[in-house]
Amino acid sequence: MSQQAPQASAGETLVRVERLTRQFGAHTAVDGVDFAVHRGEVLGFLGPNGAGKTTTMRMITGNLAPSAGRVTINGLDILDRPKAAKAEIGYLPEQPPLYRELTVDEYLRFCARLNRIPRGRVARAMALAKERCGLGEVGGRLIGNLSKGYQQRVGIAQAIIHAPAVVVLDEPTVGLDPIQIREIRHLIRELGGEHSVILSTHILPEVQAVCDRVQIINCGRLVMSDSIEALTRRSDTDNLLLRLARPPRLDEIRARMPGVTAVEACGDEAFRLRLGGALTAEQVARIAVEQGWGLRELTPERRSLEQIFVDITAGDGDAAEAKTEPVP
Amino acid sequence: MMAFTIAGRELRSLFLSPLAWAILAVVSGICAWFFLAYLDFFLQMQPRLAALPGGPGAADMVVAPLFSTAATVLLLVVPLLTMRLISEERRAQTLPLLLSAPVSMSEIVFGKFLGVLGFVLVMLAIIAAMPLSLLAGGGLDLGLWAAGVLGLLLLLASFCSIGLYLSTLTAQPVVAAVSTFGLLLLLWILNLASSGGNGGGLFDYLSLMSHFQPLLRGIFSSTDIVYYLLLIGTFLVLSIRRLDADRLQH
């Protein structure tokens, strides 16, 4: 499970969304959203509840007609050529669309036929989808009797059975136990190899674990779209956490380190320094040693993805003011 | 043809539920009982009827009343079969599976219709086979029988189509069942209003019953056939429109 797929952003564009808008009455759920997803890319779609994630996904998959804008899947417009475009999509809604009275095999056979897989190739497609989703043992069981985790896997199997170019997963790991979450994430990374995956979630570690690119949507608008590395860079701050065995008074630190723009005590012996660019961590260490303060720890601080997310979605101007937490 | 795939799934799910088997058992039981009762009555009357030149035969005395009774019984039963067609999918949120698959809305609706019609055909076959047993011991006017079967088929297809449409309107199967039953009964008895006064002809034309009775008497009139086909088509188109409206701007 690699952190970065090598072919990311190298392939052709499989999904293109242009100025997508959807209104429900007077309420605008999605407002002029633009983005593109390339082959072999896993796109994380983040946003608080009610931000328009699900609405966007329903429009991409043709479940909902947009009020304005265009969606093309592999070059096919979803409104002009719905059948051809939908053949390229696998969709797992938030609530997996399962017929509880059918067995896993019956259900997947129906899905395969529904996605126009020729009769002769249905068995192979089913076997492949079951293998990838770890459903080998449960083929003969009723879907209604399966655990939530297995039902979720059946939902994913349904989405990938026809080897679509684009797989759209709406919160695929909700309600699963940690082991199942790991397995599903692994599967999503795997899918990212040959399909494009659009994944909506509000679980941030999930994005860091599986996505190549992140988009944050808030109140129907895209507020951020960036690669995971850029997001990691964003999370770097110029704060240092300094822990001393024999801490001096605050004003003494200020006096000895003229380049530091702000000092703040965190507990008895720890301080948070903001370097104004005039001072490097190396210099801070030397000063602390020269002054005989008993340097114990010097840690660069990073904003967590959570914090970035909160900053962006809250529309807070000064992101640097945000509370930070140390990354060892 | 994707509609057949959807119909097959529908039929399978129906037969997997105890409801379908219960309905099949009850309908066959009741219709068999009526068949025996009509037959018994016919046998009692036969000596006197035989004396009449051109008097009613077994087909008139057994088949027509049996089919007429079956229609009334099925009026009660079909709403229970059609109620889940779309509303259950709405409730269980399985509709996205069909909507994001490469099938058109008409294929979905047509598939659902064919699925439930397939089940109804099984019931029809059982009921239609009952009078055929008379062939073992005597004659039967097969033309009259065939007209009756055709009438019953068209009538049941209309029930299914109406039930399908009302099922698209709600996420509660029970609501769909009750409203289907209400609408079917209304259309059934609409011709009672035509017994006197103005507009009677219109009500008479709209009634499901007034187009069924001639077929039971062996009168094959294209007006009746067209009426049923129009009714079926109208409600299928309405269902497609209703499901499409879910996707579109409100």
# chains A, B, ... in the order shown; residues from 1 in each chain; ligands from 1
$ select_by_dssp --residues "region 117-305 of chain A" --states "helix (DSSP H, G or I)" --output "number ranges by chain"
A: 119-132, 136-138, 143-145, 148-160, 178-194, 204-210, 228-235, 250-256, 281-290, 305
$ closest_atom_pairs --of "chain B" --to "chain A" --cutoff "6 Å" --atoms "only C-alpha atoms" --output "tab-separated table"
residue	atom	partner	partner_atom	distance
B:Gln93	CA	A:Pro97	CA	5.9
B:Thr94	CA	A:Pro97	CA	3.9
B:Leu97	CA	A:Pro97	CA	5.8
B:Leu99	CA	A:Asn63	CA	5.7
B:Ser100	CA	A:Thr61	CA	5.7
B:Ala101	CA	A:Asn115	CA	5.8
B:Pro102	CA	A:Lys83	CA	4.3
B:Arg247	CA	A:Leu64	CA	4.2
B:Leu248	CA	A:Ala65	CA	5.1
$ residues_around --residues "Arg243 (chain A)" --least-positions-apart "5" --cutoff "8 Å" --atoms "only C-alpha atoms" --output "NGL selection string"
:A and (269-271 or 295-298)
$ closest_residue --among "B:Phe113, B:Phe235, B:Trp188, B:Tyr165" --to "Glu10 (chain B)" --atoms "only C-alpha atoms"
B:Phe113
$ atom_distance --atom1 "CA of Arg141 (chain A)" --atom2 "CA of Leu199 (chain A)"
28.1 Å
$ residues_around --residues "region 144-157 of chain B" --least-positions-apart "6" --cutoff "6 Å" --atoms "only C-alpha atoms" --output "PyMOL selection string"
chain B and resi 212+215-216+218
$ write_last_selection --atoms "N, CA and C atoms" --output "mmCIF file, in the first residue's frame"
data_model
loop_
_atom_site.group_PDB
_atom_site.id
_atom_site.type_symbol
_atom_site.label_atom_id
_atom_site.label_comp_id
_atom_site.auth_asym_id
_atom_site.auth_seq_id
_atom_site.Cartn_x
_atom_site.Cartn_y
_atom_site.Cartn_z
ATOM 1 N N PHE B 212 -65.029 -5.123 -19.310
ATOM 2 C CA PHE B 212 -64.697 -6.515 -19.005
ATOM 3 C C PHE B 212 -65.906 -7.414 -19.295
ATOM 4 N N LEU B 215 -66.402 -8.983 -22.824
ATOM 5 C CA LEU B 215 -65.469 -10.062 -23.126
ATOM 6 C C LEU B 215 -65.912 -11.360 -22.466
ATOM 7 N N LEU B 216 -66.514 -11.234 -21.283
ATOM 8 C CA LEU B 216 -66.998 -12.432 -20.597
ATOM 9 C C LEU B 216 -68.156 -13.066 -21.357
ATOM 10 N N GLY B 218 -68.207 -13.083 -24.445
ATOM 11 C CA GLY B 218 -67.636 -13.544 -25.704
ATOM 12 C C GLY B 218 -67.661 -12.500 -26.794
#
$ residues_around --residues "Pro258 (chain A)" --least-positions-apart "5" --cutoff "9 Å" --atoms "only C-alpha atoms" --output "compact mmCIF listing (two decimals) with C-alpha atoms, in the first residue's frame"
# COMPACT_ATOMS: atom_id res chain seq x y z
CA ILE A 253 13.77 34.08 26.35
CA ALA A 278 15.10 35.51 11.22
CA LEU A 279 16.07 32.57 13.36
$ residues_around --residues "Ile162 (chain B)" --least-positions-apart "5" --cutoff "8 Å" --atoms "only C-alpha atoms" --output "list in words"
Thr180, Leu184, Ile232, Phe235 and Leu236 of chain B
$ write_last_selection --atoms "C-alpha atoms" --output "PDB file, in the first residue's frame"
ATOM      1  CA  THR B 180     -54.142   1.405  -5.417  1.00  0.00           C
ATOM      2  CA  LEU B 184     -59.085   0.323  -8.641  1.00  0.00           C
ATOM      3  CA  ILE B 232     -51.879   0.405 -19.244  1.00  0.00           C
ATOM      4  CA  PHE B 235     -49.986   4.617 -16.210  1.00  0.00           C
ATOM      5  CA  LEU B 236     -46.657   3.238 -17.406  1.00  0.00           C
TER       6      LEU B 236
END
$ closest_residue --among "B:Glu107, B:Ala92, B:Leu43, B:Gly115" --to "Gly144 (chain A)" --atoms "only C-alpha atoms"
B:Ala92
$ residues_around --residues "region 53-66 of chain B" --least-positions-apart "6" --cutoff "8 Å" --atoms "only C-alpha atoms" --output "PyMOL selection string"
chain B and resi 31+34-35+38-39+42+131+139-142+144-145+148+216-217
$ select_by_dssp --residues "region 40-193 of chain A" --states "strand (DSSP E or B)" --output "ChimeraX atom specification"
/A:42-46,68-73,76-77,89-92,103,142,166-170
$ write_last_selection --atoms "N, CA and C atoms" --output "PDB file, in the first residue's frame"
ATOM      1  N   VAL A  42      -6.892   8.728  -6.973  1.00  0.00           N
ATOM      2  CA  VAL A  42      -7.916   8.633  -5.935  1.00  0.00           C
ATOM      3  C   VAL A  42      -8.160  10.037  -5.412  1.00  0.00           C
ATOM      4  N   LEU A  43      -9.370  10.513  -5.645  1.00  0.00           N
ATOM      5  CA  LEU A  43      -9.701  11.867  -5.226  1.00  0.00           C
ATOM      6  C   LEU A  43     -10.530  11.809  -3.945  1.00  0.00           C
ATOM      7  N   GLY A  44     -10.040  12.488  -2.935  1.00  0.00           N
ATOM      8  CA  GLY A  44     -10.801  12.555  -1.685  1.00  0.00           C
ATOM      9  C   GLY A  44     -11.701  13.773  -1.714  1.00  0.00           C
ATOM     10  N   PHE A  45     -12.938  13.564  -1.365  1.00  0.00           N
ATOM     11  CA  PHE A  45     -13.911  14.637  -1.393  1.00  0.00           C
ATOM     12  C   PHE A  45     -14.322  14.877   0.047  1.00  0.00           C
ATOM     13  N   LEU A  46     -13.849  15.983   0.585  1.00  0.00           N
ATOM     14  CA  LEU A  46     -14.056  16.240   1.999  1.00  0.00           C
ATOM     15  C   LEU A  46     -15.069  17.346   2.188  1.00  0.00           C
ATOM     16  N   ALA A  68     -27.465  23.276 -13.502  1.00  0.00           N
ATOM     17  CA  ALA A  68     -26.610  23.873 -14.524  1.00  0.00           C
ATOM     18  C   ALA A  68     -25.273  23.160 -14.485  1.00  0.00           C
ATOM     19  N   GLY A  69     -24.547  23.281 -15.585  1.00  0.00           N
ATOM     20  CA  GLY A  69     -23.224  22.671 -15.624  1.00  0.00           C
ATOM     21  C   GLY A  69     -23.228  21.343 -16.346  1.00  0.00           C
ATOM     22  N   ARG A  70     -22.055  20.719 -16.421  1.00  0.00           N
ATOM     23  CA  ARG A  70     -21.882  19.544 -17.243  1.00  0.00           C
ATOM     24  C   ARG A  70     -21.043  18.520 -16.505  1.00  0.00           C
ATOM     25  N   VAL A  71     -21.361  17.256 -16.709  1.00  0.00           N
ATOM     26  CA  VAL A  71     -20.514  16.186 -16.197  1.00  0.00           C
ATOM     27  C   VAL A  71     -20.176  15.299 -17.378  1.00  0.00           C
ATOM     28  N   THR A  72     -18.880  15.061 -17.625  1.00  0.00           N
ATOM     29  CA  THR A  72     -18.527  14.099 -18.657  1.00  0.00           C
ATOM     30  C   THR A  72     -17.703  12.990 -18.030  1.00  0.00           C
ATOM     31  N   ILE A  73     -18.077  11.760 -18.374  1.00  0.00           N
ATOM     32  CA  ILE A  73     -17.382  10.581 -17.884  1.00  0.00           C
ATOM     33  C   ILE A  73     -16.659   9.980 -19.078  1.00  0.00           C
ATOM     34  N   LEU A  76     -17.901  11.206 -22.238  1.00  0.00           N
ATOM     35  CA  LEU A  76     -19.318  11.064 -22.560  1.00  0.00           C
ATOM     36  C   LEU A  76     -20.146  11.925 -21.613  1.00  0.00           C
ATOM     37  N   ASP A  77     -20.990  12.756 -22.161  1.00  0.00           N
ATOM     38  CA  ASP A  77     -21.835  13.604 -21.335  1.00  0.00           C
ATOM     39  C   ASP A  77     -22.916  12.749 -20.673  1.00  0.00           C
ATOM     40  N   ILE A  89     -19.392   3.940 -15.007  1.00  0.00           N
ATOM     41  CA  ILE A  89     -19.409   4.349 -13.599  1.00  0.00           C
ATOM     42  C   ILE A  89     -19.828   3.198 -12.696  1.00  0.00           C
ATOM     43  N   GLY A  90     -19.146   3.089 -11.574  1.00  0.00           N
ATOM     44  CA  GLY A  90     -19.633   2.234 -10.502  1.00  0.00           C
ATOM     45  C   GLY A  90     -19.900   3.124  -9.315  1.00  0.00           C
ATOM     46  N   TYR A  91     -21.056   2.961  -8.702  1.00  0.00           N
ATOM     47  CA  TYR A  91     -21.443   3.897  -7.642  1.00  0.00           C
ATOM     48  C   TYR A  91     -21.864   3.138  -6.397  1.00  0.00           C
ATOM     49  N   LEU A  92     -21.263   3.494  -5.296  1.00  0.00           N
ATOM     50  CA  LEU A  92     -21.722   2.979  -4.005  1.00  0.00           C
ATOM     51  C   LEU A  92     -22.268   4.155  -3.199  1.00  0.00           C
ATOM     52  N   THR A 103     -29.232 -13.776  -2.237  1.00  0.00           N
ATOM     53  CA  THR A 103     -27.896 -14.154  -1.772  1.00  0.00           C
ATOM     54  C   THR A 103     -26.883 -13.263  -2.487  1.00  0.00           C
ATOM     55  N   LEU A 142     -27.450 -15.090   2.470  1.00  0.00           N
ATOM     56  CA  LEU A 142     -28.386 -13.999   2.220  1.00  0.00           C
ATOM     57  C   LEU A 142     -27.748 -12.684   2.648  1.00  0.00           C
ATOM     58  N   VAL A 166     -14.607   4.716 -13.712  1.00  0.00           N
ATOM     59  CA  VAL A 166     -14.707   5.591 -12.541  1.00  0.00           C
ATOM     60  C   VAL A 166     -15.493   4.892 -11.446  1.00  0.00           C
ATOM     61  N   VAL A 167     -14.945   4.862 -10.256  1.00  0.00           N
ATOM     62  CA  VAL A 167     -15.666   4.298  -9.119  1.00  0.00           C
ATOM     63  C   VAL A 167     -15.950   5.440  -8.154  1.00  0.00           C
ATOM     64  N   VAL A 168     -17.221   5.588  -7.809  1.00  0.00           N
ATOM     65  CA  VAL A 168     -17.614   6.667  -6.910  1.00  0.00           C
ATOM     66  C   VAL A 168     -18.097   6.040  -5.606  1.00  0.00           C
ATOM     67  N   LEU A 169     -17.440   6.351  -4.522  1.00  0.00           N
ATOM     68  CA  LEU A 169     -17.779   5.743  -3.241  1.00  0.00           C
ATOM     69  C   LEU A 169     -18.163   6.846  -2.259  1.00  0.00           C
ATOM     70  N   ASP A 170     -19.369   6.744  -1.721  1.00  0.00           N
ATOM     71  CA  ASP A 170     -19.844   7.754  -0.791  1.00  0.00           C
ATOM     72  C   ASP A 170     -19.695   7.213   0.631  1.00  0.00           C
TER      73      ASP A 170
END
$ atom_distance --atom1 "CA of Ser227 (chain A)" --atom2 "CA of Leu14 (chain A)"
17.4 Å
$ atom_distance --atom1 "CA of Ser133 (chain B)" --atom2 "CA of Val26 (chain B)"
20.0 Å
$ closest_residue --among "A:Asp311, A:Ala26, A:Ala36, A:Ser200" --to "Asp226 (chain A)" --atoms "only C-alpha atoms"
A:Ala36
$ closest_residue --among "B:Ala245, B:Ala20, B:Leu135, B:Met45" --to "Phe119 (chain B)" --atoms "only C-alpha atoms"
B:Ala20
